[in-house]
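Text of the file run.cif, holding mmCIF, C-alpha atoms:
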data_input
loop_
_atom_site.label_atom_id
_atom_site.label_comp_id
_atom_site.auth_asym_id
_atom_site.auth_seq_id
_atom_site.Cartn_x
_atom_site.Cartn_y
_atom_site.Cartn_z
CA MET A 1 63.73 5.27 -4.13
CA THR A 2 61.28 2.35 -4.53
CA ASN A 3 58.46 1.99 -2.00
CA LYS A 4 57.58 -1.21 -0.13
CA ARG A 5 54.87 -2.37 -2.54
CA ALA A 6 57.01 -1.81 -5.61
CA ASN A 7 59.89 -3.60 -3.89
CA SER A 8 57.72 -6.64 -3.12
CA PHE A 9 56.53 -6.78 -6.72
CA LEU A 10 60.11 -6.44 -7.94
CA THR A 11 61.09 -9.38 -5.73
CA ILE A 12 58.30 -11.50 -7.24
CA ILE A 13 59.23 -10.70 -10.84
CA TYR A 14 62.90 -11.23 -10.01
CA VAL A 15 62.16 -14.75 -8.77
CA ILE A 16 60.04 -15.48 -11.87
CA SER A 17 62.78 -14.19 -14.20
CA VAL A 18 65.38 -16.36 -12.44
CA ILE A 19 63.12 -19.42 -12.84
CA ILE A 20 62.67 -18.60 -16.55
CA LEU A 21 66.44 -18.17 -16.89
CA ALA A 22 67.11 -21.52 -15.19
CA SER A 23 64.59 -23.34 -17.40
CA LEU A 24 66.02 -21.71 -20.54
CA VAL A 25 69.57 -22.75 -19.57
CA VAL A 26 68.40 -26.32 -18.92
CA GLY A 27 66.51 -26.34 -22.24
CA PHE A 28 69.49 -24.96 -24.13
CA CYS A 29 71.89 -27.51 -22.62
CA THR A 30 69.46 -30.36 -23.26
CA LEU A 31 68.90 -29.39 -26.90
CA THR A 32 72.64 -28.96 -27.44
CA VAL A 33 73.27 -32.47 -26.15
CA ILE A 34 70.42 -33.92 -28.26
CA PHE A 35 71.63 -32.21 -31.43
CA LEU A 36 75.22 -33.26 -30.72
CA ILE A 37 74.15 -36.89 -30.39
CA ALA A 38 72.00 -36.58 -33.54
CA GLY A 39 74.98 -35.06 -35.35
CA ILE A 40 77.30 -37.87 -34.30
CA VAL A 41 74.75 -40.54 -35.35
CA PHE A 42 74.19 -38.67 -38.63
CA LEU A 43 77.91 -38.76 -39.41
CA VAL A 44 78.61 -42.28 -38.18
CA ASN A 45 75.51 -44.15 -39.37
CA PRO A 46 74.46 -43.47 -43.01
CA SER A 47 71.28 -45.53 -42.69
CA ALA A 48 70.04 -43.37 -39.83
CA ARG A 49 70.35 -40.15 -41.85
CA ILE A 50 66.98 -40.39 -43.58
CA SER A 51 65.10 -41.10 -40.36
CA ILE A 52 66.86 -38.19 -38.59
CA LEU A 53 65.79 -35.84 -41.38
CA LYS A 54 62.24 -37.21 -41.43
CA ASP A 55 61.70 -37.29 -37.66
CA SER A 56 62.87 -33.68 -37.20
CA PRO A 57 61.83 -32.01 -33.93
CA THR A 58 58.84 -29.67 -33.87
CA GLY A 59 59.73 -26.16 -34.93
CA ILE A 60 62.18 -27.03 -37.70
CA GLY A 61 59.59 -28.15 -40.21
CA ASN A 62 59.72 -30.53 -43.10
CA LEU A 63 63.28 -30.53 -44.44
CA ASN A 64 64.79 -32.93 -46.93
CA ASN A 65 67.97 -31.01 -47.39
CA PRO A 66 70.52 -31.97 -44.67
CA TRP A 67 72.28 -28.61 -44.91
CA GLY A 68 69.05 -26.77 -44.35
CA PHE A 69 68.34 -29.06 -41.44
CA TRP A 70 71.67 -28.36 -39.73
CA LEU A 71 71.38 -24.63 -40.47
CA ALA A 72 67.97 -24.65 -38.81
CA ILE A 73 69.42 -26.45 -35.76
CA LEU A 74 72.20 -23.87 -35.48
CA LEU A 75 69.65 -21.07 -35.76
CA ILE A 76 67.47 -22.60 -33.04
CA LEU A 77 70.45 -23.00 -30.72
CA PHE A 78 71.52 -19.42 -31.39
CA LEU A 79 67.97 -18.15 -30.78
CA LEU A 80 67.84 -20.06 -27.50
CA ALA A 81 71.23 -18.65 -26.54
CA MET A 82 69.86 -15.14 -27.19
CA LEU A 83 66.85 -15.97 -25.01
CA VAL A 84 69.21 -17.01 -22.22
CA VAL A 85 71.10 -13.71 -22.62
CA ILE A 86 67.83 -11.73 -22.48
CA ALA A 87 66.59 -13.64 -19.42
CA TRP A 88 69.92 -13.10 -17.65
CA ALA A 89 69.99 -9.37 -18.51
CA VAL A 90 66.36 -8.88 -17.37
CA SER A 91 67.00 -10.64 -14.04
CA LYS A 92 70.14 -8.53 -13.45
CA LEU A 93 68.26 -5.34 -14.41
CA ILE A 94 65.48 -6.14 -11.92
CA GLN A 95 68.10 -6.92 -9.26
CA ASN A 96 69.73 -3.53 -9.84
CA VAL A 97 66.41 -1.70 -9.57
CA ARG A 98 65.59 -3.63 -6.35
CA ASN A 99 68.91 -2.48 -4.89
CA ASN A 100 68.18 1.13 -5.99
CA ILE A 101 71.03 1.06 -8.50
CA PHE A 102 69.52 3.13 -11.30
CA PHE A 103 71.70 5.37 -13.44
CA GLU A 104 74.92 3.39 -13.51
CA THR A 105 76.93 1.76 -16.30
CA SER A 106 75.94 -1.77 -15.25
CA THR A 107 72.21 -0.98 -15.66
CA LEU A 108 72.86 0.49 -19.10
CA ASN A 109 74.84 -2.64 -20.08
CA TYR A 110 71.94 -4.92 -19.09
CA ILE A 111 69.50 -2.85 -21.17
CA ARG A 112 71.96 -3.01 -24.06
CA CYS A 113 72.12 -6.84 -23.74
CA ILE A 114 68.31 -6.98 -23.91
CA LEU A 115 68.27 -4.79 -27.02
CA TRP A 116 70.97 -6.79 -28.79
CA GLY A 117 69.48 -10.15 -27.78
CA TYR A 118 65.97 -9.27 -28.92
CA GLY A 119 67.30 -7.60 -32.05
CA ALA A 120 69.24 -10.76 -32.93
CA ILE A 121 66.10 -12.86 -32.44
CA ILE A 122 64.11 -10.63 -34.81
CA VAL A 123 66.85 -10.66 -37.45
CA LEU A 124 67.42 -14.43 -37.22
CA SER A 125 63.69 -15.17 -37.36
CA LEU A 126 63.47 -13.09 -40.55
CA PHE A 127 66.56 -14.87 -41.89
CA GLY A 128 64.98 -18.22 -41.11
CA SER A 129 61.75 -17.29 -42.89
CA LEU A 130 63.76 -16.12 -45.94
CA PHE A 131 65.20 -19.62 -46.32
CA ASP A 132 61.82 -21.18 -45.57
CA LEU A 133 63.17 -22.88 -42.45
CA ASN A 134 59.92 -22.42 -40.50
CA ILE A 135 61.68 -21.91 -37.17
CA SER A 136 59.43 -21.09 -34.26
CA LEU A 137 60.20 -20.41 -30.63
CA GLY A 138 57.07 -22.29 -29.59
CA ASP A 139 56.26 -21.92 -25.92
CA SER A 140 59.32 -19.67 -25.41
CA SER A 141 57.53 -16.74 -27.09
CA GLY A 142 55.26 -16.44 -24.00
CA ALA A 143 58.33 -16.38 -21.77
CA ILE A 144 60.02 -13.69 -23.87
CA SER A 145 56.88 -11.52 -23.81
CA LEU A 146 56.81 -11.83 -20.02
CA LEU A 147 60.51 -10.97 -19.77
CA MET A 148 59.99 -7.91 -21.98
CA TRP A 149 57.13 -6.80 -19.72
CA PHE A 150 59.40 -7.20 -16.67
CA ALA A 151 62.13 -5.16 -18.38
CA VAL A 152 59.70 -2.35 -19.29
CA TYR A 153 58.39 -2.34 -15.68
CA ALA A 154 61.94 -1.99 -14.32
CA ILE A 155 62.57 0.89 -16.76
CA TYR A 156 59.25 2.48 -15.60
CA ILE A 157 60.51 2.40 -11.97
CA MET A 158 63.78 3.97 -13.14
CA PHE A 159 61.86 6.74 -14.94
CA LYS A 160 59.84 7.46 -11.80
CA TYR A 161 63.07 7.95 -9.85
CA GLY A 162 64.53 9.98 -12.71
CA ILE A 163 61.52 12.34 -12.72
CA GLN A 164 62.00 12.90 -8.99
CA LEU A 165 65.68 13.69 -9.60
CA GLN A 166 64.75 16.09 -12.42
CA ASP A 167 62.24 17.82 -10.16
CA ASP A 168 64.91 18.23 -7.45
CA SER A 169 67.36 19.51 -10.06
CA ASN A 170 64.82 22.07 -11.29
CA LYS A 171 64.52 23.37 -7.72
CA ILE A 172 68.26 23.97 -7.47
CA VAL A 173 68.81 27.58 -8.47
CA MET B 1 66.31 24.78 7.61
CA ILE B 2 68.01 27.52 5.59
CA LYS B 3 65.96 30.69 5.18
CA VAL B 4 66.66 33.04 2.28
CA ASN B 5 66.39 36.72 3.28
CA ILE B 6 66.98 38.18 -0.15
CA ASP B 7 63.93 40.52 -0.01
CA LYS B 8 65.44 42.62 2.81
CA VAL B 9 68.72 43.05 0.96
CA LEU B 10 66.90 43.94 -2.29
CA LEU B 11 64.94 46.61 -0.42
CA ASP B 12 68.11 48.07 1.13
CA ARG B 13 69.87 48.17 -2.25
CA HIS B 14 66.78 49.52 -4.09
CA ILE B 15 66.92 46.72 -6.63
CA THR B 16 63.88 44.85 -7.93
CA SER B 17 63.67 41.05 -8.24
CA LYS B 18 63.42 41.38 -12.00
CA MET B 19 66.61 43.47 -12.18
CA LEU B 20 68.48 41.03 -9.93
CA ALA B 21 67.33 38.01 -11.99
CA ALA B 22 68.55 39.70 -15.19
CA GLU B 23 71.91 40.63 -13.60
CA ILE B 24 72.67 37.14 -12.29
CA GLY B 25 71.36 35.37 -15.41
CA ILE B 26 68.43 33.37 -14.02
CA THR B 27 64.73 33.65 -14.78
CA PRO B 28 62.43 35.64 -12.44
CA ALA B 29 60.57 32.36 -11.83
CA ASN B 30 63.76 30.69 -10.55
CA LEU B 31 64.51 33.68 -8.32
CA SER B 32 60.97 33.46 -6.99
CA ILE B 33 61.58 29.77 -6.11
CA LEU B 34 64.60 30.92 -4.10
CA LYS B 35 62.79 33.78 -2.37
CA THR B 36 59.73 31.71 -1.39
CA GLY B 37 61.82 28.95 0.18
CA LYS B 38 60.86 26.30 -2.38
CA ALA B 39 64.40 25.86 -3.63
CA LYS B 40 66.10 22.56 -2.75
CA GLY B 41 69.52 24.12 -3.11
CA ILE B 42 71.60 26.87 -4.60
CA ARG B 43 74.71 26.58 -6.74
CA PHE B 44 77.83 28.34 -5.50
CA ALA B 45 78.08 30.11 -8.86
CA THR B 46 74.56 31.57 -8.43
CA LEU B 47 75.26 32.53 -4.79
CA SER B 48 78.51 34.19 -5.87
CA ARG B 49 76.72 36.24 -8.57
CA ILE B 50 73.97 37.31 -6.12
CA CYS B 51 76.58 38.47 -3.59
CA LYS B 52 78.48 40.32 -6.32
CA VAL B 53 75.39 42.19 -7.55
CA LEU B 54 74.02 42.95 -4.08
CA LYS B 55 77.51 43.66 -2.68
CA CYS B 56 76.89 41.44 0.33
CA GLN B 57 78.09 38.26 2.03
CA PRO B 58 76.32 34.84 1.83
CA GLY B 59 75.46 35.21 5.53
CA ASP B 60 73.51 38.37 4.73
CA ILE B 61 71.02 36.49 2.58
CA LEU B 62 71.14 32.98 4.13
CA GLU B 63 70.03 32.28 7.66
CA TYR B 64 69.82 28.97 9.55
CA VAL B 65 66.51 28.48 11.38
CA ASP B 66 66.01 25.54 13.75
CA ASP B 67 63.07 23.64 12.28
CA SER B 68 62.72 20.76 14.77
CA ASP B 69 58.90 20.48 14.39
CA HIS B 70 59.02 19.60 10.67
CA ALA B 71 60.59 16.52 9.04
CA ASP B 72 64.17 17.01 7.88
CA GLU B 73 64.27 16.89 4.07
CA PHE B 74 67.96 16.04 3.77
#

Whole structure given in structure tokens:
Amino acid sequence: MTNKRANSFLTIIYVISVIILASLVVGFCTLTVIFLIAGIVFLVNPSARISILKDSPTGIGNLNNPWGFWLAILLILFLLAMLVVIAWAVSKLIQNVRNNIFFETSTLNYIRCILWGYGAIIVLSLFGSLFDLNISLGDSSGAISLLMWFAVYAIYIMFKYGIQLQDDSNKIV
Amino acid sequence: MIKVNIDKVLLDRHITSKMLAAEIGITPANLSILKTGKAKGIRFATLSRICKVLKCQPGDILEYVDDSDHADEF
């Protein structure tokens, strides 16, 4: 079981991960709305198309091809969605460890979500670079590194408990 | 706490620890853990095999001792 100091630290990182999750959700929703409005203007107003392509947001790069532009937007939204999934899974994982729920299916599912989410980000970033879309996560890369550190810390606490269980099991004849 | 009095029974039956460990299918090191009181528990299957080899009852090798001075582990 976790001691008092570890529990306090888990509470702190849980709060931080929830704040990161909330900000990612807000960012995702905001970007979705912005891109939806840009999409509607793009379709409705032909004269605005060139300026939309030229004044592209930071992170998409210099694109003249509208299809490349919209593909990049979809990729960014999908990457952000994966970030939200990772942040949610990390916060739930930390919550489980705080409540001393270690080797249960729910914990394994959260770790699986983190693996799939981060794997998708790696694959999509490579995909984006293949098509020269120059997609970057910007300031979110710091948040994801922090979330990964939190996840590894939670797994470290689980391993500590697991070692204790193994030791007890070894002493059962 | 539960005290394991296997040494007395081994002496009565003229069986060594090594022979008993081989008969019940555990390592001498594991049997030593049991004899020295470091074991956290014993499986029923192991207890059954010990009783079969030593031709005794579980109560002959296990004894409850009131250990109020020390912290309860369980």

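Selected on chain A by distance to chain B: Asp168, Lys171, Ile172 and Val173 of chain A (within 8 Å, counting only C-alpha atoms).
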
Selection in question (the file shown): the PyMOL selection byres ((chain B and resi 23) around 12). Which residues does it include, as a VMD selection string?
chain B and resid 15 to 22 24 to 28 31 46 49 to 54

Need to verify the contact set: Val85 in chain A, 8 Å, all atoms listed in the file, exclusion of same-chain residues closer than 4 positions in sequence. Can you return it as a PyMOL selection string?
chain A and resi 81+89+113-114+117

The PyMOL selection byres ((chain A and resi 155) around 12) - which residues does that actually catch in the file I just gave you? List them as a list in words.
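Against this file, the PyMOL selection byres ((chain A and resi 155) around 12) returns the residues Leu10, Val90, Leu93, Ile94, Asn96, Val97, Arg98, Ile101, Phe102, Phe103, Thr107, Leu108, Tyr110, Ile111, Met148, Trp149, Phe150, Ala151, Val152, Tyr153, Ala154, Tyr156, Ile157, Met158, Phe159, Lys160, Tyr161 and Gly162 of chain A.
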
Using only C-alpha atoms, the residue out of A:Leu147, A:Ala87, A:Leu74, A:Leu124 with shortest distance to Thr32 in chain A is A:Leu74

As a check of understanding, name the residues that the PyMOL selection byres ((chain B and resi 62) around 12) selects in the supplied structure, as a list of chain:residue names.
B:Met1, B:Ile2, B:Lys3, B:Val4, B:Asn5, B:Ile6, B:Asp7, B:Lys8, B:Val9, B:Leu34, B:Lys35, B:Gly37, B:Gly41, B:Ile42, B:Leu47, B:Ile50, B:Cys51, B:Cys56, B:Gln57, B:Pro58, B:Gly59, B:Asp60, B:Ile61, B:Glu63, B:Tyr64, B:Val65

State, in Å with one decimal place, the distance from CA of Arg5 in chain A to CA of Gln164 in chain A.
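Interatomic distance, CA of Arg5 in chain A to CA of Gln164 in chain A: 18.0 Å.
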
As a JSON list (two decimals) with C-alpha atoms, keeping the file's coordinate frame, please: the residues near Leu79 in chain A (cut-off 12 Å, all atoms listed in the file, same-chain neighbours under 6 positions excluded).
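The new file part_32.json reads:
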[["chain", "number", "residue", "atom", "x", "y", "z"],
["A", 24, "LEU", "CA", 66.02, -21.71, -20.54],
["A", 27, "GLY", "CA", 66.51, -26.34, -22.24],
["A", 28, "PHE", "CA", 69.49, -24.96, -24.13],
["A", 31, "LEU", "CA", 68.90, -29.39, -26.90],
["A", 72, "ALA", "CA", 67.97, -24.65, -38.81],
["A", 73, "ILE", "CA", 69.42, -26.45, -35.76],
["A", 85, "VAL", "CA", 71.10, -13.71, -22.62],
["A", 86, "ILE", "CA", 67.83, -11.73, -22.48],
["A", 116, "TRP", "CA", 70.97, -6.79, -28.79],
["A", 117, "GLY", "CA", 69.48, -10.15, -27.78],
["A", 118, "TYR", "CA", 65.97, -9.27, -28.92],
["A", 119, "GLY", "CA", 67.30, -7.60, -32.05],
["A", 120, "ALA", "CA", 69.24, -10.76, -32.93],
["A", 121, "ILE", "CA", 66.10, -12.86, -32.44],
["A", 122, "ILE", "CA", 64.11, -10.63, -34.81],
["A", 123, "VAL", "CA", 66.85, -10.66, -37.45],
["A", 124, "LEU", "CA", 67.42, -14.43, -37.22],
["A", 125, "SER", "CA", 63.69, -15.17, -37.36],
["A", 126, "LEU", "CA", 63.47, -13.09, -40.55],
["A", 127, "PHE", "CA", 66.56, -14.87, -41.89],
["A", 128, "GLY", "CA", 64.98, -18.22, -41.11],
["A", 135, "ILE", "CA", 61.68, -21.91, -37.17],
["A", 136, "SER", "CA", 59.43, -21.09, -34.26],
["A", 137, "LEU", "CA", 60.20, -20.41, -30.63],
["A", 138, "GLY", "CA", 57.07, -22.29, -29.59],
["A", 140, "SER", "CA", 59.32, -19.67, -25.41],
["A", 141, "SER", "CA", 57.53, -16.74, -27.09],
["A", 144, "ILE", "CA", 60.02, -13.69, -23.87]]

How many Å lie between CA of Leu77 in chain A and CA of Ile20 in chain A, rounded to one decimal?
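So the answer is 16.8 Å.
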
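Of note, CA of Ile76 in chain A and CA of Leu36 in chain A are spaced 13.4 Å apart.
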